[in-house]
Amino acid sequence: MKGIILAGGSGTRLYPATLAINKQLMPVYDKPMVYYPLTVLMLAGIRDILLISTREHLPFYQNLLGDGSTWAIKLSYIIQEKPIGLAHAFILGRDFVGDDRVALILGDNLFYGHGLSVELANAIERKTGATVFAYHVNDPNQYGVVQFDKKGKAVDIVEKPTQFISNWVVTGLYFYDNAVLDIAAGLQPSARGELEITDVNRHYMASKQLNVVKLGRGYAWLDTGTHDALLDAAEFVRSIQRRQGLLVGCPEEVAYVKGFITADQLRRVAVRYVKTVYGRYLQQLVDDTEADNRSS
């Protein structure tokens, strides 16, 4: 499975903070925002990833992330000249995806939860159809809202409804089979002139191939598209890290735990951040693992 991070857009809801920088390059507490969606794809075991951003900001991502070799993954890049909808990612990334399945994650989304790895593994295992994740929110009219029947089965998805349907909304993480490439290519722009990801999901739903997974209590999903949401995300990450002593959204740790890189490789990366808590955490991660290995 290939992965796509959509990190384009103009970030107008965060003006004036984003007048000179792309939103997904801004920090969420101690890491660039883009680290959080990147680590979700890595946690799913995806190692071939395409990042889509604007012509102006793509060089910044290339400078920040490089070719991905630091984490033993492969990163590619492509320009999106104009933000015309989330489904446009599959048109831009068609050659990159090729004959494979694909996961799309939005560059401003943060996911956290103990069972997330299991849910990602389950989504990867589904060879056909689509898997999306729903989350209970207080302001559903800002998102694609899922309607369920009395048996709890998803029966409809409505983009930014004007009337209340439910509190369950589709998050910015999507898993699709290869058919999504043709589905996206056949879409017509919506009334607001965009290629809607909701239309893609409704296509899968109509053919009974859409799997909707509810992320219930114990999960956190944060959309960092506004100033308050960005601050909420930073405070959430800070609270978790200070209370548990575990980093959130650390690609080096995910690469090490998943076996992408060795202990020696992680040590070399840690040296780069030697003066920071981040660097000391990476060093301690290796030391603790080796101590556990010796004791066993």
# chains A, B, ... in the order shown; residues from 1 in each chain; ligands from 1
call {"tool": "residues_around", "arguments": {"residues": "segment 228-231 of chain A", "least_positions_apart": "4", "cutoff": "9 Å", "atoms": "only C-alpha atoms", "output": "PyMOL selection string"}}
result
chain A and resi 27-29+222-224+235-236
call {"tool": "write_last_selection", "arguments": {"atoms": "N, CA, C and O atoms", "output": "CSV table (one decimal), in the first residue's frame"}}
result
chain,number,residue,atom,x,y,z
A,27,PRO,N,4.6,24.4,14.0
A,27,PRO,CA,4.7,23.4,15.1
A,27,PRO,C,3.5,23.1,15.9
A,27,PRO,O,2.6,24.0,16.1
A,28,VAL,N,3.3,21.8,16.2
A,28,VAL,CA,2.3,21.4,17.2
A,28,VAL,C,3.1,21.0,18.4
A,28,VAL,O,3.7,19.9,18.4
A,29,TYR,N,3.2,21.9,19.4
A,29,TYR,CA,4.1,21.8,20.5
A,29,TYR,C,5.5,21.7,20.1
A,29,TYR,O,6.1,22.7,19.8
A,222,LEU,N,-7.7,15.3,16.3
A,222,LEU,CA,-7.6,16.8,16.4
A,222,LEU,C,-7.4,17.3,15.0
A,222,LEU,O,-6.4,16.9,14.3
A,223,ASP,N,-8.3,18.2,14.5
A,223,ASP,CA,-8.1,18.9,13.3
A,223,ASP,C,-7.6,20.3,13.6
A,223,ASP,O,-8.2,21.1,14.3
A,224,THR,N,-6.4,20.6,13.1
A,224,THR,CA,-5.7,21.8,13.6
A,224,THR,C,-5.8,23.0,12.6
A,224,THR,O,-4.9,23.7,12.3
A,235,GLU,N,-1.5,21.7,23.3
A,235,GLU,CA,-1.7,21.4,24.8
A,235,GLU,C,-1.9,19.9,25.0
A,235,GLU,O,-1.5,19.4,26.0
A,236,PHE,N,-2.6,19.3,24.1
A,236,PHE,CA,-2.9,17.9,24.2
A,236,PHE,C,-1.5,17.1,24.1
A,236,PHE,O,-1.3,16.2,25.0
call {"tool": "select_by_dssp", "arguments": {"residues": "segment 84-147 of chain A", "states": "alpha helix (DSSP H)", "output": "PyMOL selection string"}}
result
chain A and resi 88-92+94-97+116-125
call {"tool": "write_last_selection", "arguments": {"atoms": "N, CA, C and O atoms", "output": "PDB file, in the first residue's frame"}}
result
ATOM      1  N   HIS A  88      -8.671  15.393  -5.294  1.00  0.00           N
ATOM      2  CA  HIS A  88      -7.675  15.759  -6.307  1.00  0.00           C
ATOM      3  C   HIS A  88      -6.343  15.064  -6.046  1.00  0.00           C
ATOM      4  O   HIS A  88      -5.542  14.863  -6.965  1.00  0.00           O
ATOM      5  N   ALA A  89      -6.105  14.668  -4.804  1.00  0.00           N
ATOM      6  CA  ALA A  89      -4.854  13.984  -4.446  1.00  0.00           C
ATOM      7  C   ALA A  89      -4.676  12.708  -5.253  1.00  0.00           C
ATOM      8  O   ALA A  89      -3.550  12.342  -5.618  1.00  0.00           O
ATOM      9  N   PHE A  90      -5.773  12.021  -5.571  1.00  0.00           N
ATOM     10  CA  PHE A  90      -5.672  10.754  -6.302  1.00  0.00           C
ATOM     11  C   PHE A  90      -5.437  10.965  -7.792  1.00  0.00           C
ATOM     12  O   PHE A  90      -4.909  10.090  -8.465  1.00  0.00           O
ATOM     13  N   ILE A  91      -5.811  12.129  -8.284  1.00  0.00           N
ATOM     14  CA  ILE A  91      -5.517  12.472  -9.676  1.00  0.00           C
ATOM     15  C   ILE A  91      -4.046  12.853  -9.800  1.00  0.00           C
ATOM     16  O   ILE A  91      -3.336  12.381 -10.697  1.00  0.00           O
ATOM     17  N   LEU A  92      -3.576  13.676  -8.873  1.00  0.00           N
ATOM     18  CA  LEU A  92      -2.159  14.064  -8.869  1.00  0.00           C
ATOM     19  C   LEU A  92      -1.254  12.862  -8.605  1.00  0.00           C
ATOM     20  O   LEU A  92      -0.161  12.761  -9.154  1.00  0.00           O
ATOM     21  N   ARG A  94      -1.781   9.631  -9.238  1.00  0.00           N
ATOM     22  CA  ARG A  94      -2.133   8.412  -9.982  1.00  0.00           C
ATOM     23  C   ARG A  94      -0.900   7.607 -10.378  1.00  0.00           C
ATOM     24  O   ARG A  94      -0.840   6.390 -10.179  1.00  0.00           O
ATOM     25  N   ASP A  95       0.085   8.256 -10.963  1.00  0.00           N
ATOM     26  CA  ASP A  95       1.301   7.538 -11.384  1.00  0.00           C
ATOM     27  C   ASP A  95       2.051   6.983 -10.178  1.00  0.00           C
ATOM     28  O   ASP A  95       2.630   5.895 -10.245  1.00  0.00           O
ATOM     29  N   PHE A  96       2.044   7.727  -9.086  1.00  0.00           N
ATOM     30  CA  PHE A  96       2.719   7.275  -7.870  1.00  0.00           C
ATOM     31  C   PHE A  96       2.058   6.019  -7.315  1.00  0.00           C
ATOM     32  O   PHE A  96       2.740   5.048  -6.949  1.00  0.00           O
ATOM     33  N   VAL A  97       0.748   5.998  -7.258  1.00  0.00           N
ATOM     34  CA  VAL A  97       0.024   4.852  -6.706  1.00  0.00           C
ATOM     35  C   VAL A  97       0.151   3.637  -7.613  1.00  0.00           C
ATOM     36  O   VAL A  97       0.325   2.512  -7.139  1.00  0.00           O
ATOM     37  N   LEU A 116      -4.963   2.347  18.167  1.00  0.00           N
ATOM     38  CA  LEU A 116      -4.848   2.849  16.797  1.00  0.00           C
ATOM     39  C   LEU A 116      -4.078   1.892  15.897  1.00  0.00           C
ATOM     40  O   LEU A 116      -4.455   1.680  14.736  1.00  0.00           O
ATOM     41  N   SER A 117      -3.013   1.292  16.413  1.00  0.00           N
ATOM     42  CA  SER A 117      -2.207   0.369  15.609  1.00  0.00           C
ATOM     43  C   SER A 117      -3.045  -0.798  15.095  1.00  0.00           C
ATOM     44  O   SER A 117      -2.905  -1.221  13.944  1.00  0.00           O
ATOM     45  N   VAL A 118      -3.934  -1.301  15.949  1.00  0.00           N
ATOM     46  CA  VAL A 118      -4.800  -2.419  15.559  1.00  0.00           C
ATOM     47  C   VAL A 118      -5.772  -1.994  14.464  1.00  0.00           C
ATOM     48  O   VAL A 118      -5.982  -2.718  13.476  1.00  0.00           O
ATOM     49  N   GLU A 119      -6.366  -0.816  14.621  1.00  0.00           N
ATOM     50  CA  GLU A 119      -7.311  -0.329  13.617  1.00  0.00           C
ATOM     51  C   GLU A 119      -6.619  -0.100  12.277  1.00  0.00           C
ATOM     52  O   GLU A 119      -7.184  -0.385  11.211  1.00  0.00           O
ATOM     53  N   LEU A 120      -5.402   0.410  12.319  1.00  0.00           N
ATOM     54  CA  LEU A 120      -4.643   0.622  11.088  1.00  0.00           C
ATOM     55  C   LEU A 120      -4.319  -0.710  10.422  1.00  0.00           C
ATOM     56  O   LEU A 120      -4.432  -0.849   9.196  1.00  0.00           O
ATOM     57  N   ALA A 121      -3.933  -1.690  11.229  1.00  0.00           N
ATOM     58  CA  ALA A 121      -3.619  -3.019  10.687  1.00  0.00           C
ATOM     59  C   ALA A 121      -4.843  -3.655  10.046  1.00  0.00           C
ATOM     60  O   ALA A 121      -4.752  -4.278   8.984  1.00  0.00           O
ATOM     61  N   ASN A 122      -6.001  -3.475  10.677  1.00  0.00           N
ATOM     62  CA  ASN A 122      -7.238  -4.017  10.124  1.00  0.00           C
ATOM     63  C   ASN A 122      -7.574  -3.366   8.782  1.00  0.00           C
ATOM     64  O   ASN A 122      -8.021  -4.038   7.839  1.00  0.00           O
ATOM     65  N   ALA A 123      -7.355  -2.059   8.708  1.00  0.00           N
ATOM     66  CA  ALA A 123      -7.632  -1.341   7.459  1.00  0.00           C
ATOM     67  C   ALA A 123      -6.693  -1.803   6.349  1.00  0.00           C
ATOM     68  O   ALA A 123      -7.105  -1.951   5.192  1.00  0.00           O
ATOM     69  N   ILE A 124      -5.438  -2.039   6.699  1.00  0.00           N
ATOM     70  CA  ILE A 124      -4.458  -2.513   5.721  1.00  0.00           C
ATOM     71  C   ILE A 124      -4.840  -3.894   5.196  1.00  0.00           C
ATOM     72  O   ILE A 124      -4.643  -4.211   4.018  1.00  0.00           O
ATOM     73  N   GLU A 125      -5.397  -4.733   6.074  1.00  0.00           N
ATOM     74  CA  GLU A 125      -5.723  -6.111   5.710  1.00  0.00           C
ATOM     75  C   GLU A 125      -6.884  -6.210   4.729  1.00  0.00           C
ATOM     76  O   GLU A 125      -7.014  -7.208   4.027  1.00  0.00           O
TER      77      GLU A 125
END
call {"tool": "closest_residue", "arguments": {"among": "A:Ser53, A:Asn201, A:Gln209, A:Gln244", "to": "Pro83 of chain A", "atoms": "only C-alpha atoms"}}
result
A:Ser53
call {"tool": "select_by_dssp", "arguments": {"residues": "segment 103-190 of chain A", "states": "strand (DSSP E)", "output": "MDAnalysis selection string"}}
result
chainID A and resid 103:106 109:113 130:136 144:148 154:159 168:176
call {"tool": "write_last_selection", "arguments": {"atoms": "N, CA, C and O atoms", "output": "CSV table (one decimal), in the first residue's frame"}}
result
chain,number,residue,atom,x,y,z
A,103,ALA,N,-3.5,4.9,1.0
A,103,ALA,CA,-4.0,5.5,2.1
A,103,ALA,C,-3.8,7.0,2.0
A,103,ALA,O,-2.7,7.4,1.7
A,104,LEU,N,-4.8,7.8,2.3
A,104,LEU,CA,-4.7,9.3,2.2
A,104,LEU,C,-4.9,9.8,3.6
A,104,LEU,O,-5.8,9.4,4.3
A,105,ILE,N,-4.0,10.7,4.1
A,105,ILE,CA,-4.2,11.4,5.4
A,105,ILE,C,-3.9,12.9,5.2
A,105,ILE,O,-3.0,13.3,4.4
A,106,LEU,N,-4.7,13.7,5.8
A,106,LEU,CA,-4.6,15.1,5.7
A,106,LEU,C,-3.5,15.6,6.6
A,106,LEU,O,-3.3,15.1,7.7
A,109,ASN,N,-4.1,16.7,10.4
A,109,ASN,CA,-4.9,15.8,11.3
A,109,ASN,C,-3.9,15.1,12.3
A,109,ASN,O,-2.9,14.6,11.9
A,110,LEU,N,-4.3,15.0,13.5
A,110,LEU,CA,-3.6,14.3,14.6
A,110,LEU,C,-4.4,13.2,15.2
A,110,LEU,O,-5.6,13.5,15.6
A,111,PHE,N,-3.9,12.0,15.2
A,111,PHE,CA,-4.6,10.9,15.7
A,111,PHE,C,-3.8,10.3,16.9
A,111,PHE,O,-2.6,10.2,16.9
A,112,TYR,N,-4.6,9.9,18.0
A,112,TYR,CA,-3.9,9.3,19.1
A,112,TYR,C,-4.8,8.3,19.8
A,112,TYR,O,-6.0,8.6,20.0
A,113,GLY,N,-4.3,7.2,20.2
A,113,GLY,CA,-5.1,6.2,20.9
A,113,GLY,C,-4.4,4.9,21.0
A,113,GLY,O,-3.6,4.5,20.1
A,130,ALA,N,-13.2,0.3,0.7
A,130,ALA,CA,-12.6,1.5,1.4
A,130,ALA,C,-12.9,1.4,2.9
A,130,ALA,O,-13.9,0.8,3.3
A,131,THR,N,-12.0,2.0,3.7
A,131,THR,CA,-12.2,2.1,5.1
A,131,THR,C,-12.0,3.6,5.5
A,131,THR,O,-10.9,4.2,5.2
A,132,VAL,N,-12.9,4.1,6.3
A,132,VAL,CA,-12.8,5.5,6.8
A,132,VAL,C,-13.1,5.4,8.3
A,132,VAL,O,-13.7,4.4,8.8
A,133,PHE,N,-12.6,6.4,9.0
A,133,PHE,CA,-12.8,6.4,10.5
A,133,PHE,C,-13.7,7.6,10.9
A,133,PHE,O,-13.5,8.7,10.4
A,134,ALA,N,-14.7,7.3,11.7
A,134,ALA,CA,-15.6,8.3,12.2
A,134,ALA,C,-15.3,8.6,13.6
A,134,ALA,O,-14.9,7.8,14.4
A,135,TYR,N,-15.6,9.9,14.0
A,135,TYR,CA,-15.3,10.4,15.3
A,135,TYR,C,-16.5,11.3,15.8
A,135,TYR,O,-17.0,12.0,15.0
A,136,HIS,N,-16.8,11.2,17.1
A,136,HIS,CA,-17.9,11.9,17.7
A,136,HIS,C,-17.5,13.3,18.0
A,136,HIS,O,-16.5,13.5,18.8
A,144,GLY,N,-17.8,16.1,6.9
A,144,GLY,CA,-18.6,15.1,6.3
A,144,GLY,C,-19.2,14.3,7.4
A,144,GLY,O,-18.5,13.6,8.2
A,145,VAL,N,-20.6,14.3,7.5
A,145,VAL,CA,-21.3,13.7,8.6
A,145,VAL,C,-21.8,12.3,8.2
A,145,VAL,O,-22.4,12.2,7.1
A,146,VAL,N,-21.6,11.3,9.1
A,146,VAL,CA,-22.1,9.9,8.8
A,146,VAL,C,-23.5,9.7,9.4
A,146,VAL,O,-23.7,10.0,10.6
A,147,GLN,N,-24.4,9.2,8.6
A,147,GLN,CA,-25.7,8.9,9.1
A,147,GLN,C,-25.8,7.3,9.3
A,147,GLN,O,-25.4,6.6,8.4
A,148,PHE,N,-26.2,6.9,10.4
A,148,PHE,CA,-26.3,5.5,10.7
A,148,PHE,C,-27.8,5.1,10.9
A,148,PHE,O,-28.6,5.9,11.3
A,154,ALA,N,-23.7,2.4,8.7
A,154,ALA,CA,-23.6,3.6,8.0
A,154,ALA,C,-24.4,3.6,6.7
A,154,ALA,O,-24.2,2.7,5.9
A,155,VAL,N,-25.3,4.5,6.5
A,155,VAL,CA,-26.2,4.5,5.3
A,155,VAL,C,-26.0,5.8,4.4
A,155,VAL,O,-26.5,5.8,3.3
A,156,ASP,N,-25.3,6.8,5.0
A,156,ASP,CA,-25.2,8.0,4.1
A,156,ASP,C,-24.1,8.9,4.7
A,156,ASP,O,-23.7,8.8,5.9
A,157,ILE,N,-23.4,9.7,3.9
A,157,ILE,CA,-22.5,10.7,4.3
A,157,ILE,C,-22.8,12.0,3.6
A,157,ILE,O,-23.0,12.0,2.4
A,158,VAL,N,-23.0,13.0,4.4
A,158,VAL,CA,-23.4,14.3,3.9
A,158,VAL,C,-22.3,15.4,4.2
A,158,VAL,O,-21.9,15.5,5.4
A,159,GLU,N,-21.8,16.1,3.2
A,159,GLU,CA,-20.7,17.1,3.4
A,159,GLU,C,-21.3,18.4,4.0
A,159,GLU,O,-22.2,19.0,3.4
A,168,TRP,N,-21.4,12.0,14.4
A,168,TRP,CA,-20.3,11.3,13.9
A,168,TRP,C,-19.8,11.8,12.5
A,168,TRP,O,-20.6,11.9,11.6
A,169,VAL,N,-18.5,12.2,12.5
A,169,VAL,CA,-18.0,12.8,11.3
A,169,VAL,C,-16.8,12.0,10.7
A,169,VAL,O,-16.2,11.2,11.5
A,170,VAL,N,-16.5,12.1,9.5
A,170,VAL,CA,-15.4,11.3,8.8
A,170,VAL,C,-14.1,12.1,9.1
A,170,VAL,O,-14.1,13.3,8.8
A,171,THR,N,-13.2,11.4,9.6
A,171,THR,CA,-11.9,12.1,9.9
A,171,THR,C,-11.0,12.1,8.6
A,171,THR,O,-11.4,11.6,7.6
A,172,GLY,N,-9.8,12.7,8.7
A,172,GLY,CA,-9.0,12.9,7.6
A,172,GLY,C,-8.0,11.7,7.3
A,172,GLY,O,-6.8,12.0,7.0
A,173,LEU,N,-8.5,10.5,7.5
A,173,LEU,CA,-7.7,9.3,7.2
A,173,LEU,C,-8.5,8.3,6.4
A,173,LEU,O,-9.6,7.9,6.9
A,174,TYR,N,-8.0,7.9,5.2
A,174,TYR,CA,-8.9,7.1,4.3
A,174,TYR,C,-8.0,6.0,3.7
A,174,TYR,O,-6.9,6.3,3.3
A,175,PHE,N,-8.5,4.8,3.7
A,175,PHE,CA,-7.9,3.7,3.0
A,175,PHE,C,-8.7,3.2,1.9
A,175,PHE,O,-9.9,2.9,2.0
A,176,TYR,N,-8.1,3.1,0.7
A,176,TYR,CA,-8.9,2.7,-0.5
A,176,TYR,C,-8.1,1.6,-1.3
A,176,TYR,O,-6.9,1.5,-1.3
call {"tool": "closest_residue", "arguments": {"among": "A:Ile5, A:Gly249, A:Arg267, A:Ile46", "to": "Pro32 of chain A", "atoms": "only C-alpha atoms"}}
result
A:Gly249
call {"tool": "residues_around", "arguments": {"residues": "Lys2 of chain A", "least_positions_apart": "4", "cutoff": "6 Å", "atoms": "only C-alpha atoms", "output": "tab-separated table (two decimals) with C-alpha atoms, in the first residue's frame"}}
result
chain	number	residue	atom	x	y	z
A	48	ASP	CA	6.36	4.61	0.23
A	49	ILE	CA	4.75	8.02	0.72
A	102	VAL	CA	-3.52	3.76	-1.18
call {"tool": "atom_distance", "arguments": {"atom1": "atom CA of Tyr273 of chain A", "atom2": "atom CA of Tyr36 of chain A"}}
result
18.3 Å
call {"tool": "decode", "arguments": {"residues": "segment 250-261 of chain A", "atoms": "all heavy atoms", "output": "PDB file, in the first residue's frame"}}
result
ATOM      1  N   CYS A 250       6.428  10.852  16.798  1.00  0.00           N
ATOM      2  CA  CYS A 250       7.896  10.835  16.626  1.00  0.00           C
ATOM      3  C   CYS A 250       8.259   9.811  15.552  1.00  0.00           C
ATOM      4  O   CYS A 250       8.211   8.596  15.799  1.00  0.00           O
ATOM      5  CB  CYS A 250       8.559  10.479  17.955  1.00  0.00           C
ATOM      6  SG  CYS A 250      10.348  10.246  17.846  1.00  0.00           S
ATOM      7  N   PRO A 251       8.639  10.239  14.347  1.00  0.00           N
ATOM      8  CA  PRO A 251       8.932   9.288  13.266  1.00  0.00           C
ATOM      9  C   PRO A 251      10.140   8.394  13.555  1.00  0.00           C
ATOM     10  O   PRO A 251      10.169   7.239  13.120  1.00  0.00           O
ATOM     11  CB  PRO A 251       9.174  10.184  12.044  1.00  0.00           C
ATOM     12  CG  PRO A 251       9.460  11.536  12.586  1.00  0.00           C
ATOM     13  CD  PRO A 251       8.722  11.637  13.879  1.00  0.00           C
ATOM     14  N   GLU A 252      11.118   8.912  14.281  1.00  0.00           N
ATOM     15  CA  GLU A 252      12.283   8.088  14.622  1.00  0.00           C
ATOM     16  C   GLU A 252      11.876   6.908  15.496  1.00  0.00           C
ATOM     17  O   GLU A 252      12.328   5.778  15.294  1.00  0.00           O
ATOM     18  CB  GLU A 252      13.351   8.930  15.338  1.00  0.00           C
ATOM     19  CG  GLU A 252      14.039   9.965  14.476  1.00  0.00           C
ATOM     20  CD  GLU A 252      13.274  11.275  14.385  1.00  0.00           C
ATOM     21  OE1 GLU A 252      12.202  11.392  15.022  1.00  0.00           O
ATOM     22  OE2 GLU A 252      13.729  12.181  13.662  1.00  0.00           O
ATOM     23  N   GLU A 253      11.016   7.175  16.467  1.00  0.00           N
ATOM     24  CA  GLU A 253      10.571   6.104  17.362  1.00  0.00           C
ATOM     25  C   GLU A 253       9.753   5.069  16.599  1.00  0.00           C
ATOM     26  O   GLU A 253       9.947   3.856  16.776  1.00  0.00           O
ATOM     27  CB  GLU A 253       9.741   6.672  18.509  1.00  0.00           C
ATOM     28  CG  GLU A 253       9.235   5.592  19.459  1.00  0.00           C
ATOM     29  CD  GLU A 253       8.465   6.152  20.638  1.00  0.00           C
ATOM     30  OE1 GLU A 253       8.020   7.317  20.579  1.00  0.00           O
ATOM     31  OE2 GLU A 253       8.302   5.413  21.635  1.00  0.00           O
ATOM     32  N   VAL A 254       8.830   5.523  15.755  1.00  0.00           N
ATOM     33  CA  VAL A 254       8.007   4.587  14.989  1.00  0.00           C
ATOM     34  C   VAL A 254       8.888   3.736  14.079  1.00  0.00           C
ATOM     35  O   VAL A 254       8.718   2.517  13.985  1.00  0.00           O
ATOM     36  CB  VAL A 254       6.942   5.337  14.169  1.00  0.00           C
ATOM     37  CG1 VAL A 254       6.172   4.360  13.269  1.00  0.00           C
ATOM     38  CG2 VAL A 254       5.977   6.071  15.091  1.00  0.00           C
ATOM     39  N   ALA A 255       9.868   4.369  13.423  1.00  0.00           N
ATOM     40  CA  ALA A 255      10.771   3.631  12.533  1.00  0.00           C
ATOM     41  C   ALA A 255      11.553   2.575  13.302  1.00  0.00           C
ATOM     42  O   ALA A 255      11.761   1.458  12.806  1.00  0.00           O
ATOM     43  CB  ALA A 255      11.724   4.603  11.837  1.00  0.00           C
ATOM     44  N   TYR A 256      11.957   2.903  14.513  1.00  0.00           N
ATOM     45  CA  TYR A 256      12.724   1.957  15.334  1.00  0.00           C
ATOM     46  C   TYR A 256      11.840   0.823  15.836  1.00  0.00           C
ATOM     47  O   TYR A 256      12.191  -0.366  15.725  1.00  0.00           O
ATOM     48  CB  TYR A 256      13.348   2.708  16.502  1.00  0.00           C
ATOM     49  CG  TYR A 256      14.161   1.844  17.440  1.00  0.00           C
ATOM     50  CD1 TYR A 256      15.250   1.106  16.976  1.00  0.00           C
ATOM     51  CD2 TYR A 256      13.842   1.773  18.797  1.00  0.00           C
ATOM     52  CE1 TYR A 256      16.003   0.319  17.836  1.00  0.00           C
ATOM     53  CE2 TYR A 256      14.582   0.987  19.660  1.00  0.00           C
ATOM     54  CZ  TYR A 256      15.664   0.258  19.175  1.00  0.00           C
ATOM     55  OH  TYR A 256      16.396  -0.534  20.032  1.00  0.00           O
ATOM     56  N   VAL A 257      10.668   1.162  16.358  1.00  0.00           N
ATOM     57  CA  VAL A 257       9.756   0.149  16.901  1.00  0.00           C
ATOM     58  C   VAL A 257       9.257  -0.783  15.801  1.00  0.00           C
ATOM     59  O   VAL A 257       9.095  -1.989  16.021  1.00  0.00           O
ATOM     60  CB  VAL A 257       8.577   0.830  17.622  1.00  0.00           C
ATOM     61  CG1 VAL A 257       7.512  -0.188  18.009  1.00  0.00           C
ATOM     62  CG2 VAL A 257       9.066   1.567  18.863  1.00  0.00           C
ATOM     63  N   LYS A 258       9.031  -0.231  14.609  1.00  0.00           N
ATOM     64  CA  LYS A 258       8.549  -1.047  13.491  1.00  0.00           C
ATOM     65  C   LYS A 258       9.665  -1.853  12.835  1.00  0.00           C
ATOM     66  O   LYS A 258       9.405  -2.679  11.960  1.00  0.00           O
ATOM     67  CB  LYS A 258       7.888  -0.160  12.432  1.00  0.00           C
ATOM     68  CG  LYS A 258       6.639   0.577  12.909  1.00  0.00           C
ATOM     69  CD  LYS A 258       5.462  -0.360  13.118  1.00  0.00           C
ATOM     70  CE  LYS A 258       4.892  -0.874  11.819  1.00  0.00           C
ATOM     71  NZ  LYS A 258       3.680  -1.696  12.030  1.00  0.00           N
ATOM     72  N   GLY A 259      10.910  -1.615  13.242  1.00  0.00           N
ATOM     73  CA  GLY A 259      12.022  -2.362  12.680  1.00  0.00           C
ATOM     74  C   GLY A 259      12.545  -1.804  11.367  1.00  0.00           C
ATOM     75  O   GLY A 259      13.314  -2.481  10.668  1.00  0.00           O
ATOM     76  N   PHE A 260      12.161  -0.572  11.044  1.00  0.00           N
ATOM     77  CA  PHE A 260      12.667   0.047   9.820  1.00  0.00           C
ATOM     78  C   PHE A 260      14.147   0.406   9.962  1.00  0.00           C
ATOM     79  O   PHE A 260      14.908   0.319   8.997  1.00  0.00           O
ATOM     80  CB  PHE A 260      11.886   1.323   9.478  1.00  0.00           C
ATOM     81  CG  PHE A 260      10.413   1.129   9.236  1.00  0.00           C
ATOM     82  CD1 PHE A 260       9.577   2.235   9.104  1.00  0.00           C
ATOM     83  CD2 PHE A 260       9.852  -0.132   9.120  1.00  0.00           C
ATOM     84  CE1 PHE A 260       8.226   2.082   8.869  1.00  0.00           C
ATOM     85  CE2 PHE A 260       8.487  -0.302   8.888  1.00  0.00           C
ATOM     86  CZ  PHE A 260       7.677   0.816   8.776  1.00  0.00           C
ATOM     87  N   ILE A 261      14.539   0.853  11.159  1.00  0.00           N
ATOM     88  CA  ILE A 261      15.922   1.253  11.415  1.00  0.00           C
ATOM     89  C   ILE A 261      16.450   0.489  12.622  1.00  0.00           C
ATOM     90  O   ILE A 261      15.682   0.003  13.460  1.00  0.00           O
ATOM     91  CB  ILE A 261      16.061   2.776  11.653  1.00  0.00           C
ATOM     92  CG1 ILE A 261      15.251   3.214  12.882  1.00  0.00           C
ATOM     93  CG2 ILE A 261      15.636   3.552  10.416  1.00  0.00           C
ATOM     94  CD1 ILE A 261      15.447   4.684  13.240  1.00  0.00           C
TER      95      ILE A 261
END
